[in-house]
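Coordinates as given in my_file-v6.txt (compact mmCIF, C-alpha atoms):
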```txt
# COMPACT_ATOMS: atom_id res chain seq x y z
CA MET A 244 -33.69 -2.70 -25.09
CA ALA A 245 -30.41 -4.21 -26.26
CA SER A 246 -28.52 -1.01 -25.41
CA ARG A 247 -30.14 -1.00 -21.99
CA LYS A 248 -28.91 -4.51 -21.30
CA ALA A 249 -25.42 -3.61 -22.49
CA GLY A 250 -25.42 -0.62 -20.16
CA THR A 251 -26.57 -2.78 -17.26
CA ARG A 252 -23.89 -5.36 -17.98
CA GLY A 253 -21.28 -2.61 -18.13
CA LYS A 254 -22.37 -1.29 -14.74
CA ALA A 255 -22.34 -4.79 -13.26
CA ALA A 256 -18.85 -5.43 -14.59
CA ALA A 257 -17.62 -2.11 -13.21
CA THR A 258 -19.17 -2.90 -9.82
CA LYS A 259 -17.53 -6.33 -9.72
CA GLN A 260 -14.21 -4.80 -10.71
CA ALA A 261 -14.50 -2.19 -7.94
CA GLN A 262 -15.35 -4.91 -5.43
CA ARG A 263 -12.36 -6.98 -6.51
CA GLY A 264 -10.07 -3.95 -6.28
CA SER A 265 -11.26 -3.02 -2.80
CA SER A 266 -11.51 -6.56 -1.47
CA ASN A 267 -7.93 -7.21 -2.58
CA VAL A 268 -6.60 -4.62 -0.14
CA PHE A 269 -8.46 -6.32 2.72
CA SER A 270 -6.80 -9.63 1.88
CA MET A 271 -3.38 -8.03 2.49
CA PHE A 272 -4.05 -7.84 6.23
CA GLU A 273 -5.28 -10.06 9.02
CA GLN A 274 -8.61 -9.17 10.63
CA ALA A 275 -6.89 -7.87 13.79
CA GLN A 276 -4.72 -5.54 11.69
CA ILE A 277 -7.76 -4.23 9.81
CA GLN A 278 -9.43 -3.50 13.15
CA GLU A 279 -6.34 -1.56 14.28
CA PHE A 280 -6.40 0.45 11.04
CA LYS A 281 -10.11 1.18 11.59
CA GLU A 282 -9.30 2.54 15.03
CA ALA A 283 -6.48 4.68 13.63
CA PHE A 284 -8.74 5.92 10.83
CA SER A 285 -11.46 6.92 13.29
CA CYS A 286 -8.89 8.77 15.41
CA ILE A 287 -7.80 10.79 12.37
CA ASP A 288 -11.33 11.32 10.99
CA GLN A 289 -12.11 13.98 13.58
CA ASN A 290 -15.47 15.04 12.17
CA ARG A 291 -16.60 11.41 11.70
CA ASP A 292 -17.76 11.87 8.10
CA GLY A 293 -15.89 8.81 6.78
CA ILE A 294 -13.37 10.92 4.82
CA ILE A 295 -10.02 12.23 6.04
CA SER A 296 -9.81 15.93 5.19
CA LYS A 297 -7.20 18.63 5.68
CA SER A 298 -8.99 19.85 8.81
CA ASP A 299 -8.99 16.28 10.18
CA LEU A 300 -5.22 16.05 9.66
CA ARG A 301 -4.63 19.48 11.18
CA GLU A 302 -6.69 18.59 14.26
CA THR A 303 -4.90 15.25 14.65
CA TYR A 304 -1.52 16.99 14.51
CA SER A 305 -2.77 19.54 17.01
CA GLN A 306 -3.74 16.79 19.46
CA LEU A 307 -0.23 15.37 19.07
CA GLY A 308 1.28 18.76 19.95
CA LYS A 309 2.28 19.87 16.47
CA VAL A 310 0.36 23.09 15.83
CA ASN A 311 1.97 24.82 12.84
CA VAL A 312 1.89 22.13 10.15
CA PRO A 313 2.59 23.66 6.73
CA GLU A 314 -0.34 23.60 4.27
CA GLU A 315 1.91 21.99 1.66
CA GLU A 316 2.63 19.05 3.98
CA LEU A 317 -1.08 18.45 4.55
CA ASP A 318 -1.79 18.79 0.82
CA THR A 319 0.96 16.29 -0.01
CA MET A 320 -0.51 13.79 2.44
CA LEU A 321 -3.99 14.14 0.93
CA GLN A 322 -2.68 13.89 -2.63
CA GLU A 323 -1.30 10.42 -1.91
CA GLY A 324 -4.90 9.20 -1.86
CA LYS A 325 -5.55 10.52 -5.38
CA GLY A 326 -9.04 11.49 -4.30
CA PRO A 327 -11.10 11.43 -1.09
CA ILE A 328 -9.45 9.28 1.58
CA ASN A 329 -12.09 6.89 2.88
CA PHE A 330 -11.21 3.78 4.89
CA THR A 331 -10.51 1.62 1.84
CA VAL A 332 -8.13 4.23 0.37
CA PHE A 333 -6.52 4.65 3.81
CA LEU A 334 -5.95 0.90 4.04
CA THR A 335 -4.59 0.80 0.49
CA LEU A 336 -2.10 3.57 1.27
CA PHE A 337 -0.85 1.71 4.32
CA GLY A 338 -0.69 -1.53 2.36
CA GLU A 339 1.52 0.16 -0.21
CA LYS A 340 3.72 1.68 2.49
CA LEU A 341 4.05 -1.50 4.52
CA ASN A 342 4.30 -4.04 1.73
CA GLY A 343 5.49 -1.97 -1.15
CA THR A 344 9.01 -1.30 -2.27
CA ASP A 345 10.67 1.26 -4.42
CA PRO A 346 10.06 0.85 -8.15
CA GLU A 347 12.28 -1.78 -9.75
CA GLU A 348 14.14 0.82 -11.81
CA ALA A 349 15.07 2.80 -8.67
CA ILE A 350 16.51 -0.32 -7.04
CA LEU A 351 18.40 -1.23 -10.20
CA SER A 352 19.87 2.29 -10.33
CA ALA A 353 21.11 1.92 -6.76
CA PHE A 354 22.81 -1.40 -7.57
CA ARG A 355 24.38 0.07 -10.72
CA LEU A 356 26.42 2.36 -8.44
CA PHE A 357 28.26 -0.77 -7.28
CA ASP A 358 28.64 -2.13 -10.81
CA PRO A 359 30.80 0.39 -12.70
CA SER A 360 31.60 -2.19 -15.41
CA GLY A 361 27.87 -2.70 -16.13
CA LYS A 362 28.03 -6.51 -15.96
CA GLY A 363 24.81 -6.86 -13.95
CA VAL A 364 26.54 -8.30 -10.89
CA VAL A 365 28.09 -7.05 -7.65
CA ASN A 366 30.67 -8.86 -5.54
CA ARG A 367 29.04 -10.72 -2.65
CA ASP A 368 31.79 -9.99 -0.11
CA GLU A 369 31.98 -6.28 -0.93
CA PHE A 370 28.20 -5.98 -0.79
CA LYS A 371 28.10 -7.87 2.53
CA GLN A 372 30.65 -5.45 3.98
CA LEU A 373 28.53 -2.48 2.88
CA LEU A 374 25.38 -3.96 4.41
CA LEU A 375 27.14 -4.57 7.72
CA THR A 376 28.81 -1.16 8.00
CA GLN A 377 26.82 1.53 6.17
CA ALA A 378 23.60 3.50 6.84
CA ASP A 379 20.90 1.22 8.30
CA LYS A 380 23.32 -1.52 9.23
CA PHE A 381 22.18 -5.10 8.76
CA SER A 382 23.00 -7.74 11.35
CA LEU A 383 25.02 -10.73 10.20
CA ALA A 384 21.89 -12.89 10.53
CA GLU A 385 19.93 -10.49 8.30
CA VAL A 386 22.67 -10.52 5.66
CA GLU A 387 22.80 -14.31 5.65
CA GLN A 388 19.00 -14.50 5.43
CA MET A 389 19.04 -12.16 2.44
CA PHE A 390 21.84 -14.09 0.75
CA ALA A 391 19.82 -17.30 1.11
CA LEU A 392 17.34 -15.83 -1.40
CA THR A 393 19.86 -13.96 -3.53
CA PRO A 394 20.77 -15.30 -6.99
CA MET A 395 24.56 -15.69 -7.29
CA ASP A 396 26.94 -17.04 -9.88
CA LEU A 397 29.71 -19.56 -9.16
CA ALA A 398 32.23 -16.77 -8.52
CA GLY A 399 30.07 -15.39 -5.68
CA ASN A 400 28.72 -12.41 -7.59
CA ILE A 401 25.17 -11.26 -6.93
CA ASP A 402 22.91 -11.10 -9.98
CA TYR A 403 21.28 -7.86 -8.88
CA LYS A 404 18.80 -7.73 -11.75
CA SER A 405 17.29 -11.01 -10.58
CA LEU A 406 17.47 -9.83 -6.96
CA CYS A 407 15.58 -6.66 -7.88
CA TYR A 408 12.89 -8.77 -9.50
CA ILE A 409 12.58 -10.84 -6.32
CA ILE A 410 12.39 -7.69 -4.18
CA THR A 411 9.66 -6.10 -6.29
CA HIS A 412 7.67 -9.19 -7.33
CA GLY A 413 8.39 -11.77 -4.63
CA ASP A 414 10.29 -15.02 -4.65
CA GLU A 415 8.53 -17.77 -6.57
CA LYS A 416 9.85 -20.31 -4.02
CA GLU A 417 7.96 -18.52 -1.23
CA GLU A 418 4.57 -18.93 -2.89
```

Show me, as structure tokens, the structure contained in the file I just sent.
Amino acid sequence: MASRKAGTRGKAAATKQAQRGSSNVFSMFEQAQIQEFKEAFSCIDQNRDGIISKSDLRETYSQLGKVNVPEEELDTMLQEGKGPINFTVFLTLFGEKLNGTDPEEAILSAFRLFDPSGKGVVNRDEFKQLLLTQADKFSLAEVEQMFALTPMDLAGNIDYKSLCYIITHGDEKEE
């Protein structure tokens, strides 16, 4: 009897944990956004079985005019779900893509390229110039908005380790 109760409690705890995990993803979006994702999911789920499969993806691509999608590309897409892609997994994947960032170590590695001395800082003015002129160019307003949240020392150097933490974990002042 005691082992039966322990087993029941274990199942109940696992169920609550699963509910918390899945309900958390729904809290990332507004109700209107969730409805839009449901519509997108149902467009992709061609056979209406509640799971996005390789044939669903292939058919969706076909309807968009792309007929010869490599198997590897479809497999890679499905592997992102780490299992069957139902609506909750679909929403989680989009949540990660929309709200997520690169891992902290990857961002730190990028900043280290601009810190050959290894001091943990980059010059504000040099970094500003890069943001305004390279790759996906920032506007001056975007740069100033970013610098408003960026930890700097008195000399105007950006503490990029702290900035990376803010990027990956959020700014405590925002919460």

Residues within 12 Å of A:Glu369, only C-alpha atoms, excluding chain neighbours under 5 positions, as a ChimeraX atom specification: /A:357-358,364,374-377,399-401

Pairwise distance for atom CA of A:Gly363 and atom CA of A:Glu339, rounded to one decimal in Å: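 Computing it gives 27.9 Å between the two atoms.
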
From A:Ala349, A:Leu307, A:Cys286, A:Val365, residue lying nearest A:Phe330 [all atoms listed in the file]: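 Among the listed residues, A:Cys286 lies closest to A:Phe330.
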
Determine the axis-aligned bounding box of all atoms of stretch 274-282 of chain A present in the file, pad each side by 6 Å, and express its centre and edge lengths in Å to one decimal place as lines of an AutoDock Vina configuration file.
```
center_x = -7.4
center_y = -3.3
center_z = 12.4
size_x = 17.4
size_y = 23.7
size_z = 17.2
```

Separation of atom CA of A:Leu356 from atom CA of A:Asp396 in Å: 19.5 Å

For A:Leu351, the nearest of the candidates A:Lys371, A:Arg291, A:Lys404, A:Arg301, counting only C-alpha atoms: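 For A:Leu351, the nearest of the given residues is A:Lys404.
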
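Here atom CA of A:Phe390 is placed at a distance of 10.8 Å from atom CA of A:Asp368.
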
Residues within 12 Å of stretch 323-328 of chain A, all atoms listed in the file, excluding chain neighbours under 6 positions, as number ranges by chain: A: 284, 287-288, 292-297, 299-300, 316-317, 334-337, 339-340
